[in-house]
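Chemist: Before anything else, here's the structure in question.
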There are 2 protein chains.
Amino acid sequence: MSAAIRKDLYVSRLSTAGSSIRREEPVVYASTPPPAELPAEALEQYARDGFLVVPELLDAVQIEQLNRHIDELLAGVEPDQERAIREPGSLLVRSLFQVHKTSAPLRALSRNPRLLGIVRYLLGDDVYMHQSRVNLKPAFHGREFFWHSDFETWHSEDGMPAMRALSVSIALTDNSNQNGALMVMPGSHLDFYPCAGQTPPNHYRDSLRSQNYGVPDEETLRKIADRCGIMTPEVPVGSALVFDCNLMHGSNSNITPYARRNVFLVYNSISNVPGEPYAAAQKRPDFVASREDLEIL
Amino acid sequence: MSAAIRKDLYVSRLSTAGSSIRREEPVVYASTPPPAELPAEALEQYARDGFLVVPELLDAVQIEQLNRHIDELLAGVEPDQERAIREPGSLLVRSLFQVHKTSAPLRALSRNPRLLGIVRYLLGDDVYMHQSRVNLKPAFHGREFFWHSDFETWHSEDGMPAMRALSVSIALTDNSNQNGALMVMPGSHLDFYPCAGQTPPNHYRDSLRSQNYGVPDEETLRKIADRCGIMTPEVPVGSALVFDCNLMHGSNSNITPYARRNVFLVYNSISNVPGEPYAAAQKRPDFVASREDLEIL
């Protein structure tokens, strides 16, 4: 794609943040009647608030099998494995990436028909996996994720052109308001908030542990929170949270003895495959932002 | 007091933690009928769970006046003021100590008659202020307080003999499960959990920012949590949380744009004034553990 025809709708990472930009694209792309797996109420909430909950996606047996499988994956992590990201100031694994390629059970999970029916409808297109990971918020020492819009990073650092992607976070333990559940600012997905500061080289190595670029300034966050409020969606174990790529979200630390464990899957429309980064010198590696061997799901 | 007659019921800070010790003292000391300000249900909860909530202790005008007053106190904090404790890795004030001596409005608050009626009944004695502070969990950057029993520290580092003290945390902003509200393990106040590790010199300087001694090990905490559960008492702005000195408690970080601000008052029975520390080489300074000019409230 030549620079001339590649217009950047969402300029970010300049020296100053600049004003918010009204979202150009739809939130729900399909215009046909929604599939059976997507109740009208959930669809409305997704359009309005930027998220929905899919209850009871997994049963107790599946939950146990997946947890045992992930225990094994974690036990097999090598000390210098790049796709295993550690907690800041600790050797505990915070995220294990690219699991849809390295694990048969998680590959199967990413193709769950009920989930895919919902995802394809919301994005109005065939989809592929932009990123996948197991997100662990370890017991006692799990640290916070500061507020951010995923799209701001995927656009700036990965070159994802449009807001036609979404995340699915499947709870393998209860996500409670005590163990660092995801908080969202409902409705914040309808505006793009540019972030100040040029992306440093190899930023992903730090940002996946503790993000310092691609986060709005405090005054902006306060304004968004005052306007939108902050919600902590209830996501019991076995359920899934589906949220728009541009929804402002974050989570607090976890000092409880109970780990928070989610499988995190990012689906992107095949019409929205990233090109060159909009605001970074280098592409991020394939384990964070898939470009090789893309498969339509 | 001579060493011979001063028996240590709650040995802690040895090289290994050792087993838990069943509490010797009562939780509720008075045996007369409770005063009008202490409903039977709240009293039962305090005895059983180790805490109670005093609703609507302050009205909207008082809340606003106190918040404005605390803003002024914070604006007047000197860079090297010892009784102003900073957040780990930041210059934001986390706690401002000894406010019952340095602030007339907070001195008055510590003598609130409704509160004192409850406190005197629970401790079954005249009381004085062992410690006072404003606890700030700053917006965006407020960090966690790890699990601990206050009594373990007051006993080991301050020489408080018995479990005949309690804390009152008065909410000057809403304490929500999004901005790092206090979590408690109900019923944990009925056992003492010794902690491993000799107290380092001047430990208080670090421990008030981030505690590493006087915290139970992870296996012990997991067992207590599995048995007692974890609760986040709802403490709306203007209300107060009253909790036993030996209740296991802690709180997560605060990434929201809303600070969590509490006035924290520690009342001790006048029959329980600390002597020499049980497990520390030096006493902590008066601003953390009052010994000078004690006043019966």
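All residue names refer to the structure tokens as shown: chains lettered A, B, ... in order, residues numbered from 1 in each chain, ligands numbered from 1 in order.
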Please report as a PyMOL selection string which residues of chain B come no farther than 7 Å from chain A, using only C-alpha atoms.
Modeler: chain B and resi 146+177+221-222+252-255+257
Chemist: Within 12 Å of stretch 54-69 of chain B, counting only C-alpha atoms, which residues qualify if same-chain residues fewer than 3 places away don't, as a ChimeraX atom specification?
Modeler: /B:37-39,41-43,45-46,51,72-76,99,102-110,112-119,134,136,168-174,233-243,259-263
Chemist: For the atom pair atom CA of B:Ser90 and atom CA of A:Pro201, what is the interatomic distance in Å to one decimal place?
Modeler: 25.7 Å
Chemist: Just how far from atom CA of B:Ser95 is atom CA of B:Tyr278, in Å to one decimal?
Modeler: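 Atom-to-atom, atom CA of B:Tyr278 and atom CA of B:Ser95 are spaced 25.1 Å apart.
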Chemist: If we count only C-alpha atoms and set the cut-off at 6 Å, which residues sit around A:Leu247, ignoring sequence neighbours fewer than 2 positions away in its own chain? Please answer as a VMD selection string.
Modeler: chain A and resid 149 188 to 189 244 to 245
Chemist: Could you pull out all residues of stretch 25-122 of chain B with a DSSP call of strand (DSSP E) and give them as a PyMOL selection string?
Modeler: chain B and resi 51-54+84-86+93-97
Chemist: Could the residues in this selection be written to a file with N, CA, C and O atoms, as a short mmCIF file (atom, residue, chain, number, x, y, z; two decimals), in the first residue's frame?
Modeler:
data_model
loop_
_atom_site.label_atom_id
_atom_site.label_comp_id
_atom_site.auth_asym_id
_atom_site.auth_seq_id
_atom_site.Cartn_x
_atom_site.Cartn_y
_atom_site.Cartn_z
N PHE B 51 -15.30 -6.81 62.07
CA PHE B 51 -15.51 -5.43 61.62
C PHE B 51 -16.99 -5.07 61.64
O PHE B 51 -17.85 -5.95 61.71
N LEU B 52 -17.26 -3.77 61.61
CA LEU B 52 -18.63 -3.27 61.44
C LEU B 52 -18.56 -1.94 60.70
O LEU B 52 -17.50 -1.31 60.64
N VAL B 53 -19.68 -1.55 60.11
CA VAL B 53 -19.74 -0.27 59.41
C VAL B 53 -20.67 0.67 60.18
O VAL B 53 -21.76 0.27 60.59
N VAL B 54 -20.19 1.88 60.43
CA VAL B 54 -21.03 2.92 61.03
C VAL B 54 -21.53 3.80 59.89
O VAL B 54 -20.75 4.56 59.30
N ALA B 84 4.98 12.45 56.66
CA ALA B 84 4.31 12.32 55.36
C ALA B 84 5.00 11.19 54.60
O ALA B 84 6.15 11.31 54.22
N ILE B 85 4.30 10.09 54.42
CA ILE B 85 4.87 8.91 53.77
C ILE B 85 4.45 8.91 52.30
O ILE B 85 3.28 9.12 51.99
N ARG B 86 5.43 8.67 51.42
CA ARG B 86 5.17 8.73 49.97
C ARG B 86 4.82 7.35 49.40
O ARG B 86 5.18 6.33 49.98
N VAL B 93 1.90 11.71 48.20
CA VAL B 93 1.74 11.34 49.61
C VAL B 93 0.73 10.19 49.73
O VAL B 93 -0.34 10.23 49.15
N ARG B 94 1.17 9.18 50.47
CA ARG B 94 0.36 7.98 50.69
C ARG B 94 -0.35 8.08 52.04
O ARG B 94 -1.52 7.75 52.16
N SER B 95 0.37 8.53 53.05
CA SER B 95 -0.19 8.68 54.40
C SER B 95 0.41 9.91 55.06
O SER B 95 1.61 10.16 54.94
N LEU B 96 -0.43 10.64 55.76
CA LEU B 96 0.02 11.77 56.58
C LEU B 96 -0.35 11.44 58.02
O LEU B 96 -1.53 11.29 58.34
N PHE B 97 0.70 11.30 58.88
CA PHE B 97 0.50 10.79 60.24
C PHE B 97 0.23 11.89 61.26
O PHE B 97 0.45 13.06 61.01
#
Chemist: Report as an MDAnalysis selection string: the residues of stretch 14-244 of chain B with a DSSP assignment of helix (DSSP H, G or I), based on the backbone of this structure.
Modeler: chainID B and resid 40:49 60:75 99:102 104:110 113:123 150:158 188:190 203:207 218:228
Chemist: Residues at most 8 Å from stretch 22-25 of chain B, counting only C-alpha atoms, excluding those fewer than 2 positions away in the same chain, as a VMD selection string?
Modeler: chain B and resid 20 27 162 to 164 189 to 192
Chemist: Atom CA of B:His130 to atom CA of B:Ala40: how many Å, to one decimal?
Modeler: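 Atom-to-atom, atom CA of B:His130 to atom CA of B:Ala40, that is 27.1 Å.
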Chemist: Could you check the closest approach to B:Ser269 for each of B:Gly124, B:Pro194, B:Pro33, B:Pro216 and tell me which residue wins, using only C-alpha atoms?
Modeler: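 Using only C-alpha atoms, the shortest distance to B:Ser269 belongs to B:Gly124.
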